[in-house]
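Working notes for the structure below.
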Amino acid sequence: MSQRHEADRRGAKDPDDIKRDTSAAVAGEPAQLTERQRAILVRLLRAAYPHDSFPDGPYERTADAVIAATADDQRLARTLGPDLDQLDVIAGGDFCSVDEQTVTHWLREYSEEPYFRAIRGIAVVALYDDHEVWELLGYEGPSVDQGGYLHRGFDDLDWLPDPRIEEYDGEPRPDIITSDTQGADA
Amino acid sequence: MSEITDARPTQHGKPIEHGDPVVVIIGSGAGGGTMAHELATNGVRCVVLEAGPFLQREDYVNDEWEAFSQMAWLDMRTTSGSWRIARDFPNLPAWIVKAVGGTTTHWSGATPRFMAHEFKALSTYGPVEGANLLDWPITLADLEPYYDRAEKAIGSTHRHGRPPLPANNNYKVFANGAERVGYKYYATGPYGTNAEPYDGRPASIQDGFNFQGDKSGAKWSIAVREIPRALETGNVDLRPQCHAVRITHDPAGKVDAVEYLDADGALHRQAARVVCVAGNSIETARLLLMSDSPLHPDGLANSSSGQVGRNYMRHLTGSAYARFDEPVRMYRGETMAGIIADEASHNPARGFVGGFYMETLSLGPAFLASFVEPGSWGREFTQLLEAYRNTAGMWIVGEDMPQASNRVTLNTDVKDQHGLPVPNVHFDDHPNDAAMRRYAYRAADELYRAVGARGVHHTPPYPATHNLGTCRMAERPEDGPLDAWGQAHDVPGLFVSDGSVMTTGGAANPTLTIVALAMRQADHVVDLLRRDEL
Ligand SMILES: Cc1cc2nc3c(=O)[nH]c(=O)nc-3n(C[C@H](O)[C@H](O)[C@H](O)COP(=O)(O)OP(=O)(O)OC[C@H]3O[C@@H](n4cnc5c(N)ncnc54)[C@H](O)[C@@H]3O)c2cc1C
């Protein structure tokens with residue numbers, strides 16, 4: 001959050017804003033969601049970014065990041081809750097118990113809706129910046145404190161032969177190839 | 001705006017009085033930092049104004065988004081045009097750095113040179129409809145000695161006795177694919193990171209982070225080499241967090257000062273004998289446009305050509321991410337230490353003019369998710385990330401066509417944190433760009449399929465890391481604002497020293513050329529100052 005504060009001070013954008021046009025956005029308080037609305041948001045995020053191996057934690061944290069980011073955009077802060085309520089209405093009561101295929105089908109229709117685009121813009125940054133997610137995807141992250149990957153497998157790929165690393169030492173590459181030069185080569 | 005104050009902002013190096021008319025350099029990146037180093041080591045005193053903070057190695061963080069928040073240029077910008085950026089990243093047309101050292105803090109290190117014909121785009125390619133092509137007012141021969149010097153400064157591998165970097169996992173896939181499709185001109189460089197200790201910096205530890213600033217110090221950047229050495233001379237007054245807002249001239253039209261805001265928003269005026277603008281293409285054009293005067297009603301240096309802000313180029317780019325059955329772990333090791341030059345030739349039989357390089361590229365999951373297919377979601381999207389461990393990646397970088405309508409203008413409807421009009425960046429692909437990108441994606445598919453790829457995803461251009469051409473050099477004043485030395489045709493004492501001077505973009509990553517051009521310009525400025533001609 002200190003990063004966000006710093007960005008505000010500079011009047012600049014935050015990474016989780018980069019996909020949205022905030023040139024006219026007004027900052028203020030974040031959206032006050034009910035427990036129910038937050039649960040719908042978590043379900044929506046899991047359907048939008050389905051990974052069978054992921055537990056709920058990363059999706060919960062991503063939902064909180066979406067809510068926090070509405071502080072930068074009062075229009076979104078006002079509409080987020082009602083837009084989420086609407087999903088329960090569409091589901092005829094309980095959006096959270098609808099299967100992934102159906103949810104995906106509905107979301108396709110809303111793909112270009114500003115609220116869904118805004119949620120994705122924030123969520124895609126928050127979800128994949130989550131360190132539990134890094135581990136689940138097999139990303140090892142920072143390495144400099146451990147001496148980099150120099151002795152920890154930077155070149156351990158063994159299913160292909162070791163390639164040349166020097167530049168080609170035969171004929172230099174022609175800079176210009178025209179039908180004339182090709183003819184001459186042939 | 002507030003009154004001009006005489007109080008001093010925080011500075012590094014030896015202080016220079018506000019009233020002392022010295023060389024004022026705006027921006028401390030590849031172009032501006034090189035100017036400062038070259039001038040200072042030749043005894044010329046300069047003030048360097050840098051909008052960003054002075055970050056040091058210990059400040060850098062090995063974390064993509066945290067590092068991005070720490071140093072990316074995030075001031076408000078707007079976009080228009082048919083490019084996807086205007087929809088996917090509407091306020092982020094470019095991915096550049098706001099810190100001492102500029103975008104070299106973020107850069108990866110690929111250093112190919114321009115080819116001779118790339119300085120003669122118009123006469124080599126002939127007129128291309130809709131493109132504003134022009135020959136450069138200089139040739140490769142003019143730049144060759146400076147390319148040598150720049151490669152030695154950067155410590156490019158494979159050049160001047162510098163050994164190559166070893167093959168990392170991503171390169172193994174890339175180079176084997178290259179060999180199998182018949183490419184010959186591939187290698188792990190030339191690349192601006194040490195394979196062995198050089199110039200006081202250590203060898204690479206293959207830590208996988210260099211877009212974030214390099215904590216190990218193996219990578220060349222202006223912040224680790226040129227800036228400290230320039231400060232040591234005692235001829236430089238470096239002022240971080242000082243944002244230039246206007247360049248002024250005397251009644252005769254010669255530059256005489258630069259007005260700037262410090263970290264607290266206080267306005268200062270630094271007298272200047274010479275001004276070198278190096279704010280990276282978008283800000284350079286914006287500053288000139290904001291510096292209009294009765295003598296230059298359309299923006300400083302814009303009277304004869306009307307080309308300031310136009311011909312904005314961002315290189316043809318695109319990325320290809322290939323999924324394999326076996327692990328690759330592309331994130332381990334030097335990010336871009338892999339270059340294929342076979343397709344860089346100009347070969348119009350492929351259906352387009354100009355050429356492109358293929359270079360290894362790796363992003364962590366946090367960046368990959370944001371850039372791989374912006375806006376996308378659902379299983380098609382998550383399968384790309386599920387395959388992270390087994391993914392190899394490459395970047396495609398080629399020449400894009402300059403177009404007069406691809407343009408930086410002032411958007412007076414939207415203001416930045418200082419209350420100044422933000423730059424709007426308008427961009428449409430030229431048909432030649434689109435044809436080259438299609439061909440390049442196919443070439444990437446073939447390369448990766450040759451080593452067993454299960455699928456290859458084509459990623460559209462992300463916010464521009466290469467920003468060029470908005471203030472181009474041209475023989476005739478009516479064709480471009482700058483002469484063959486990067487001095488404004490219309491404004492004595494005004495130089496532009498960054499990537500915006502490029503008449504056309506070539507296929508090569510631009511930084512080596514920006515550094516070489518700045519070294520050449522600095523020699524010229526020193527010479528003119530000695531002869532009292534500035
Ligand atoms: C992720 C990434 C990877 C890259 N990899 C490569 C690569 O492999 N090879 C290559 O050749 N290039 C690479 N580049 C591009 C390279 O970094 C740039 O081409 C180069 O740094 C541009 O130099 P410049 O002098 O034009 O601008 P910059 O280096 O961006 O410097 C401009 C400076 O001016 C400052 N500034 C702007 N406006 C003002 C103002 N009004 N007042 C005061 N200061 C101001 C900015 O804060 C900045 O510090 C990469 C870039 C990125 C982002």
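Residues in the structure tokens are named by chain (A, B, ... in the order shown) and by number from 1 within that chain; ligands are numbered from 1 in the order shown.
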
### Task
Taking only C-alpha atoms and all ligand atoms into account, report as a PyMOL selection string which residues have an atom no farther than 6 Å from an atom of ligand 1.
chain B and resi 26-32+49-52+95-104+106-111+211+242-245+278-280+283+465-466+498-499+509-512

What are the residues of chain B lining chain A at 6 Å or less? Count only C-alpha atoms, and put the answer as a PyMOL selection string.
chain B and resi 62+74-75+88-91+168-169+185+187-188+205-207+332-333+345-347+365-366+377-378+389+417

Keeping only N, CA and C atoms, write the selected residues as a PDB file, in the first residue's frame.
ATOM      1  N   ASN B  62      14.011  -6.951  -6.820  1.00  0.00           N
ATOM      2  CA  ASN B  62      13.790  -8.084  -7.730  1.00  0.00           C
ATOM      3  C   ASN B  62      12.323  -8.488  -7.705  1.00  0.00           C
ATOM      4  N   LEU B  74       5.145   7.150 -14.778  1.00  0.00           N
ATOM      5  CA  LEU B  74       3.713   6.894 -14.600  1.00  0.00           C
ATOM      6  C   LEU B  74       2.892   8.181 -14.617  1.00  0.00           C
ATOM      7  N   ASP B  75       3.511   9.300 -14.966  1.00  0.00           N
ATOM      8  CA  ASP B  75       2.737  10.539 -15.091  1.00  0.00           C
ATOM      9  C   ASP B  75       1.638  10.313 -16.135  1.00  0.00           C
ATOM     10  N   ASP B  88      -6.035  -1.189 -24.573  1.00  0.00           N
ATOM     11  CA  ASP B  88      -5.552  -2.074 -23.510  1.00  0.00           C
ATOM     12  C   ASP B  88      -4.792  -1.339 -22.397  1.00  0.00           C
ATOM     13  N   PHE B  89      -4.028  -0.312 -22.770  1.00  0.00           N
ATOM     14  CA  PHE B  89      -3.236   0.449 -21.794  1.00  0.00           C
ATOM     15  C   PHE B  89      -3.385   1.935 -22.101  1.00  0.00           C
ATOM     16  N   PRO B  90      -4.626   2.463 -21.937  1.00  0.00           N
ATOM     17  CA  PRO B  90      -4.929   3.799 -22.470  1.00  0.00           C
ATOM     18  C   PRO B  90      -4.061   4.933 -21.938  1.00  0.00           C
ATOM     19  N   ASN B  91      -3.497   4.785 -20.744  1.00  0.00           N
ATOM     20  CA  ASN B  91      -2.654   5.858 -20.203  1.00  0.00           C
ATOM     21  C   ASN B  91      -1.183   5.464 -20.137  1.00  0.00           C
ATOM     22  N   ASN B 168      21.666 -19.748 -21.735  1.00  0.00           N
ATOM     23  CA  ASN B 168      20.700 -20.092 -20.685  1.00  0.00           C
ATOM     24  C   ASN B 168      19.591 -20.946 -21.296  1.00  0.00           C
ATOM     25  N   ASN B 169      18.660 -21.374 -20.463  1.00  0.00           N
ATOM     26  CA  ASN B 169      17.638 -22.319 -20.926  1.00  0.00           C
ATOM     27  C   ASN B 169      16.804 -21.771 -22.083  1.00  0.00           C
ATOM     28  N   TYR B 185      22.786 -16.708 -38.257  1.00  0.00           N
ATOM     29  CA  TYR B 185      23.352 -15.551 -37.572  1.00  0.00           C
ATOM     30  C   TYR B 185      22.734 -15.368 -36.190  1.00  0.00           C
ATOM     31  N   ALA B 187      23.436 -15.852 -31.866  1.00  0.00           N
ATOM     32  CA  ALA B 187      24.468 -15.868 -30.828  1.00  0.00           C
ATOM     33  C   ALA B 187      23.857 -15.347 -29.534  1.00  0.00           C
ATOM     34  N   THR B 188      24.629 -15.367 -28.448  1.00  0.00           N
ATOM     35  CA  THR B 188      24.114 -14.850 -27.160  1.00  0.00           C
ATOM     36  C   THR B 188      24.343 -13.342 -27.018  1.00  0.00           C
ATOM     37  N   ILE B 205      25.559 -13.011 -12.781  1.00  0.00           N
ATOM     38  CA  ILE B 205      25.210 -14.176 -11.962  1.00  0.00           C
ATOM     39  C   ILE B 205      23.891 -14.786 -12.449  1.00  0.00           C
ATOM     40  N   GLN B 206      23.474 -14.381 -13.653  1.00  0.00           N
ATOM     41  CA  GLN B 206      22.276 -14.985 -14.260  1.00  0.00           C
ATOM     42  C   GLN B 206      21.090 -14.921 -13.297  1.00  0.00           C
ATOM     43  N   ASP B 207      20.855 -13.709 -12.763  1.00  0.00           N
ATOM     44  CA  ASP B 207      19.801 -13.624 -11.750  1.00  0.00           C
ATOM     45  C   ASP B 207      18.402 -13.434 -12.331  1.00  0.00           C
ATOM     46  N   ARG B 332      15.139 -18.004 -15.675  1.00  0.00           N
ATOM     47  CA  ARG B 332      16.477 -18.115 -15.094  1.00  0.00           C
ATOM     48  C   ARG B 332      17.487 -17.592 -16.111  1.00  0.00           C
ATOM     49  N   GLY B 333      18.262 -16.613 -15.722  1.00  0.00           N
ATOM     50  CA  GLY B 333      19.344 -16.179 -16.598  1.00  0.00           C
ATOM     51  C   GLY B 333      19.090 -14.840 -17.256  1.00  0.00           C
ATOM     52  N   SER B 345      17.939  -8.519 -42.567  1.00  0.00           N
ATOM     53  CA  SER B 345      18.225  -8.001 -43.909  1.00  0.00           C
ATOM     54  C   SER B 345      16.987  -7.351 -44.517  1.00  0.00           C
ATOM     55  N   HIS B 346      17.239  -6.452 -45.456  1.00  0.00           N
ATOM     56  CA  HIS B 346      16.141  -5.900 -46.263  1.00  0.00           C
ATOM     57  C   HIS B 346      15.945  -6.834 -47.444  1.00  0.00           C
ATOM     58  N   ASN B 347      14.802  -7.486 -47.492  1.00  0.00           N
ATOM     59  CA  ASN B 347      14.539  -8.474 -48.541  1.00  0.00           C
ATOM     60  C   ASN B 347      13.084  -8.333 -48.965  1.00  0.00           C
ATOM     61  N   PRO B 365       5.484 -14.367 -14.131  1.00  0.00           N
ATOM     62  CA  PRO B 365       4.033 -14.537 -14.275  1.00  0.00           C
ATOM     63  C   PRO B 365       3.272 -13.214 -14.133  1.00  0.00           C
ATOM     64  N   ALA B 366       3.760 -12.309 -13.280  1.00  0.00           N
ATOM     65  CA  ALA B 366       3.029 -11.066 -13.031  1.00  0.00           C
ATOM     66  C   ALA B 366       2.984 -10.197 -14.277  1.00  0.00           C
ATOM     67  N   TRP B 377      -9.312 -13.537 -20.762  1.00  0.00           N
ATOM     68  CA  TRP B 377      -9.601 -14.244 -19.517  1.00  0.00           C
ATOM     69  C   TRP B 377     -10.169 -15.607 -19.884  1.00  0.00           C
ATOM     70  N   GLY B 378     -10.529 -16.396 -18.892  1.00  0.00           N
ATOM     71  CA  GLY B 378     -11.088 -17.725 -19.166  1.00  0.00           C
ATOM     72  C   GLY B 378      -9.985 -18.763 -19.366  1.00  0.00           C
ATOM     73  N   ARG B 389       6.061 -22.886 -16.574  1.00  0.00           N
ATOM     74  CA  ARG B 389       7.338 -23.587 -16.389  1.00  0.00           C
ATOM     75  C   ARG B 389       7.919 -24.076 -17.724  1.00  0.00           C
ATOM     76  N   GLN B 417       0.251  16.077 -12.707  1.00  0.00           N
ATOM     77  CA  GLN B 417       0.274  16.499 -11.300  1.00  0.00           C
ATOM     78  C   GLN B 417       0.800  17.905 -11.120  1.00  0.00           C
TER      79      GLN B 417
END

Check your understanding: Got a sec to tell me which of segment 343-374 of chain B DSSP assigns to alpha helix (DSSP H), as a PyMOL selection string?
Key -> chain B and resi 365-371

Can you pull out the residues contacting Gly306 of chain B? Cut-off 9 Å, using only C-alpha atoms, and skip same-chain residues under 4 positions away; I want them as a list in words.
Asp298, Gly299, Ala301, Asn302, Arg310, Glu478, Asp479, Gly480 and Pro481 of chain B

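Each of B:Pro15, B:Gly213, B:Pro477, B:Gly177 was checked against Ile340 of chain B using only C-alpha atoms; the smallest atom-to-atom distance is that of B:Gly177.
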
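Between atom CA of Pro431 of chain B and atom CA of Leu140 of chain B lies a distance of 27.5 Å.
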
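Residues in contact range of Ala484 of chain B, defined as at most 10 Å between only C-alpha atoms, with sequence neighbours fewer than 5 positions away removed, read Trp136, Pro137, Ile138, Thr139, Arg472, Met473, Ala474, Glu475, Arg476, His489, Val501 and Gln521 of chain B.
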
If you keep C-alpha atoms, can you produce a file of those selected residues as a PDB file, in the first residue's frame?
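As a result, again_5.pdb now contains:
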ATOM      1  CA  TRP B 136      19.481  10.401 -42.558  1.00  0.00           C
ATOM      2  CA  PRO B 137      21.779  13.402 -42.966  1.00  0.00           C
ATOM      3  CA  ILE B 138      24.639  11.124 -41.787  1.00  0.00           C
ATOM      4  CA  THR B 139      25.934   7.716 -42.849  1.00  0.00           C
ATOM      5  CA  ARG B 472      14.151  13.974 -36.477  1.00  0.00           C
ATOM      6  CA  MET B 473      17.416  14.981 -38.084  1.00  0.00           C
ATOM      7  CA  ALA B 474      17.086  16.082 -41.689  1.00  0.00           C
ATOM      8  CA  GLU B 475      19.387  17.675 -44.233  1.00  0.00           C
ATOM      9  CA  ARG B 476      16.803  20.357 -45.108  1.00  0.00           C
ATOM     10  CA  HIS B 489      17.835  24.248 -37.594  1.00  0.00           C
ATOM     11  CA  VAL B 501      16.610  12.440 -33.331  1.00  0.00           C
ATOM     12  CA  GLN B 521      27.242  15.251 -30.735  1.00  0.00           C
TER      13      GLN B 521
END

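Atom CA of Thr233 of chain B is found 25.3 Å from atom CA of Gly486 of chain B.
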
Give me the residues within 9 Å of Val274 of chain B as a PDB file with N, CA, C and O atoms, in the first residue's frame, counting only C-alpha atoms and dropping any in the same chain fewer than 6 places off.
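To be explicit, this is the file written out as out.pdb:
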ATOM      1  N   PRO B  21      25.496  30.719 -17.032  1.00  0.00           N
ATOM      2  CA  PRO B  21      24.997  30.096 -18.271  1.00  0.00           C
ATOM      3  C   PRO B  21      25.887  28.930 -18.729  1.00  0.00           C
ATOM      4  O   PRO B  21      26.867  29.130 -19.432  1.00  0.00           O
ATOM      5  N   VAL B  22      25.528  27.714 -18.320  1.00  0.00           N
ATOM      6  CA  VAL B  22      26.316  26.525 -18.661  1.00  0.00           C
ATOM      7  C   VAL B  22      25.537  25.681 -19.674  1.00  0.00           C
ATOM      8  O   VAL B  22      24.494  26.097 -20.177  1.00  0.00           O
ATOM      9  N   VAL B  23      26.025  24.488 -19.942  1.00  0.00           N
ATOM     10  CA  VAL B  23      25.264  23.545 -20.756  1.00  0.00           C
ATOM     11  C   VAL B  23      24.216  22.904 -19.839  1.00  0.00           C
ATOM     12  O   VAL B  23      24.568  22.384 -18.777  1.00  0.00           O
ATOM     13  N   VAL B  24      22.960  22.964 -20.217  1.00  0.00           N
ATOM     14  CA  VAL B  24      21.905  22.351 -19.418  1.00  0.00           C
ATOM     15  C   VAL B  24      21.384  21.127 -20.167  1.00  0.00           C
ATOM     16  O   VAL B  24      20.957  21.228 -21.321  1.00  0.00           O
ATOM     17  N   ILE B  25      21.475  19.977 -19.501  1.00  0.00           N
ATOM     18  CA  ILE B  25      21.031  18.721 -20.107  1.00  0.00           C
ATOM     19  C   ILE B  25      19.734  18.307 -19.432  1.00  0.00           C
ATOM     20  O   ILE B  25      19.657  18.266 -18.198  1.00  0.00           O
ATOM     21  N   LYS B 254      18.381  32.798 -29.616  1.00  0.00           N
ATOM     22  CA  LYS B 254      19.298  31.780 -29.091  1.00  0.00           C
ATOM     23  C   LYS B 254      18.826  31.333 -27.705  1.00  0.00           C
ATOM     24  O   LYS B 254      18.359  32.142 -26.917  1.00  0.00           O
ATOM     25  N   VAL B 255      18.941  30.025 -27.388  1.00  0.00           N
ATOM     26  CA  VAL B 255      18.481  29.550 -26.078  1.00  0.00           C
ATOM     27  C   VAL B 255      19.202  30.305 -24.972  1.00  0.00           C
ATOM     28  O   VAL B 255      20.398  30.613 -25.091  1.00  0.00           O
ATOM     29  N   ASP B 256      18.486  30.606 -23.898  1.00  0.00           N
ATOM     30  CA  ASP B 256      19.154  31.283 -22.794  1.00  0.00           C
ATOM     31  C   ASP B 256      18.849  30.705 -21.410  1.00  0.00           C
ATOM     32  O   ASP B 256      19.529  31.039 -20.443  1.00  0.00           O
ATOM     33  N   ALA B 257      17.836  29.852 -21.278  1.00  0.00           N
ATOM     34  CA  ALA B 257      17.550  29.296 -19.944  1.00  0.00           C
ATOM     35  C   ALA B 257      16.582  28.130 -20.035  1.00  0.00           C
ATOM     36  O   ALA B 257      15.912  27.914 -21.052  1.00  0.00           O
ATOM     37  N   PRO B 492      19.504  28.437 -32.429  1.00  0.00           N
ATOM     38  CA  PRO B 492      20.912  28.277 -32.070  1.00  0.00           C
ATOM     39  C   PRO B 492      21.066  27.859 -30.613  1.00  0.00           C
ATOM     40  O   PRO B 492      20.363  28.378 -29.736  1.00  0.00           O
ATOM     41  N   GLY B 493      21.955  26.905 -30.362  1.00  0.00           N
ATOM     42  CA  GLY B 493      22.228  26.461 -29.002  1.00  0.00           C
ATOM     43  C   GLY B 493      21.297  25.366 -28.505  1.00  0.00           C
ATOM     44  O   GLY B 493      21.500  24.828 -27.423  1.00  0.00           O
ATOM     45  N   LEU B 494      20.287  24.999 -29.269  1.00  0.00           N
ATOM     46  CA  LEU B 494      19.363  23.939 -28.842  1.00  0.00           C
ATOM     47  C   LEU B 494      19.715  22.624 -29.544  1.00  0.00           C
ATOM     48  O   LEU B 494      19.683  22.544 -30.778  1.00  0.00           O
ATOM     49  N   PHE B 495      20.055  21.616 -28.738  1.00  0.00           N
ATOM     50  CA  PHE B 495      20.355  20.286 -29.270  1.00  0.00           C
ATOM     51  C   PHE B 495      19.343  19.288 -28.731  1.00  0.00           C
ATOM     52  O   PHE B 495      18.814  19.463 -27.642  1.00  0.00           O
ATOM     53  N   VAL B 525      29.916  19.574 -29.843  1.00  0.00           N
ATOM     54  CA  VAL B 525      29.625  20.672 -28.922  1.00  0.00           C
ATOM     55  C   VAL B 525      30.924  21.168 -28.278  1.00  0.00           C
ATOM     56  O   VAL B 525      31.167  22.376 -28.191  1.00  0.00           O
ATOM     57  N   LEU B 534      29.386  28.841 -29.893  1.00  0.00           N
ATOM     58  CA  LEU B 534      28.063  28.591 -29.297  1.00  0.00           C
ATOM     59  C   LEU B 534      27.795  29.612 -28.196  1.00  0.00           C
ATOM     60  O   LEU B 534      28.676  29.857 -27.383  1.00  0.00           O
TER      61      LEU B 534
END

Using only C-alpha atoms, determine which residues lie at most 10 Å from Glu196 of chain B, disregarding the query and same-chain residues fewer than 4 positions distant; provide the list as a short mmCIF file (atom, residue, chain, number, x, y, z; two decimals) with all heavy atoms, in the first residue's frame.
data_model
loop_
_atom_site.label_atom_id
_atom_site.label_comp_id
_atom_site.auth_asym_id
_atom_site.auth_seq_id
_atom_site.Cartn_x
_atom_site.Cartn_y
_atom_site.Cartn_z
N THR B 157 29.15 -7.76 -25.19
CA THR B 157 29.77 -9.07 -25.42
C THR B 157 30.00 -9.28 -26.90
O THR B 157 29.36 -8.62 -27.74
CB THR B 157 28.87 -10.22 -24.92
OG1 THR B 157 27.66 -10.21 -25.69
CG2 THR B 157 28.54 -10.07 -23.44
N ARG B 162 35.45 -8.85 -25.83
CA ARG B 162 34.57 -9.27 -24.72
C ARG B 162 33.99 -10.65 -25.05
O ARG B 162 33.44 -10.86 -26.12
CB ARG B 162 33.43 -8.28 -24.48
CG ARG B 162 33.86 -6.82 -24.28
CD ARG B 162 33.89 -6.43 -22.82
NE ARG B 162 34.82 -7.24 -22.05
CZ ARG B 162 36.16 -7.11 -22.09
NH1 ARG B 162 36.74 -6.24 -22.86
NH2 ARG B 162 36.92 -7.91 -21.36
N PRO B 163 34.09 -11.59 -24.12
CA PRO B 163 33.60 -12.94 -24.41
C PRO B 163 32.07 -13.02 -24.42
O PRO B 163 31.41 -12.14 -23.86
CB PRO B 163 34.17 -13.77 -23.26
CG PRO B 163 34.38 -12.80 -22.15
CD PRO B 163 34.70 -11.47 -22.79
N PRO B 164 31.53 -14.06 -25.05
CA PRO B 164 30.06 -14.24 -25.07
C PRO B 164 29.54 -14.71 -23.71
O PRO B 164 30.29 -15.30 -22.94
CB PRO B 164 29.84 -15.33 -26.11
CG PRO B 164 31.11 -16.11 -26.12
CD PRO B 164 32.21 -15.14 -25.78
N LEU B 165 28.29 -14.44 -23.44
CA LEU B 165 27.62 -15.03 -22.29
C LEU B 165 27.31 -16.49 -22.61
O LEU B 165 27.14 -16.85 -23.78
CB LEU B 165 26.32 -14.27 -21.98
CG LEU B 165 26.51 -12.96 -21.20
CD1 LEU B 165 25.35 -12.01 -21.44
CD2 LEU B 165 26.69 -13.24 -19.70
N ARG B 201 33.06 -3.69 -13.04
CA ARG B 201 31.80 -4.36 -12.69
C ARG B 201 31.96 -5.88 -12.80
O ARG B 201 32.76 -6.36 -13.58
CB ARG B 201 30.66 -3.87 -13.60
CG ARG B 201 30.36 -2.37 -13.46
CD ARG B 201 29.03 -2.00 -14.10
NE ARG B 201 28.86 -2.58 -15.42
CZ ARG B 201 29.39 -2.07 -16.52
NH1 ARG B 201 30.10 -0.96 -16.48
NH2 ARG B 201 29.21 -2.66 -17.68
N PRO B 202 31.18 -6.62 -12.00
CA PRO B 202 31.36 -8.08 -11.95
C PRO B 202 30.73 -8.80 -13.15
O PRO B 202 30.07 -8.18 -13.97
CB PRO B 202 30.60 -8.46 -10.67
CG PRO B 202 29.53 -7.42 -10.56
CD PRO B 202 30.12 -6.15 -11.09
N ALA B 203 30.94 -10.10 -13.21
CA ALA B 203 30.32 -10.94 -14.24
C ALA B 203 28.88 -11.26 -13.85
O ALA B 203 28.53 -11.25 -12.66
CB ALA B 203 31.11 -12.22 -14.42
N SER B 204 28.08 -11.56 -14.85
CA SER B 204 26.68 -11.91 -14.62
C SER B 204 26.53 -13.10 -13.67
O SER B 204 27.29 -14.06 -13.76
CB SER B 204 26.02 -12.28 -15.95
OG SER B 204 24.77 -12.88 -15.72
N ALA B 218 26.31 -6.27 -12.92
CA ALA B 218 26.94 -6.82 -14.12
C ALA B 218 26.47 -6.10 -15.39
O ALA B 218 27.16 -6.09 -16.40
CB ALA B 218 26.64 -8.31 -14.23
#

*Picked from segment 188-329 of chain B by DSSP as strand (DSSP E or B), as a VMD selection string*: chain B and resid 191 193 198 201 219 236 to 239 243 to 249 255 to 261 267 to 277 293 296 313 316 to 323

I'd like the neighbourhood of Lys14 of chain B as a ChimeraX atom specification, where a residue qualifies if any of its atoms comes within 12 Å (using only C-alpha atoms), though same-chain residues fewer than 6 positions away should be ignored.
/B:40,45-48,230-239
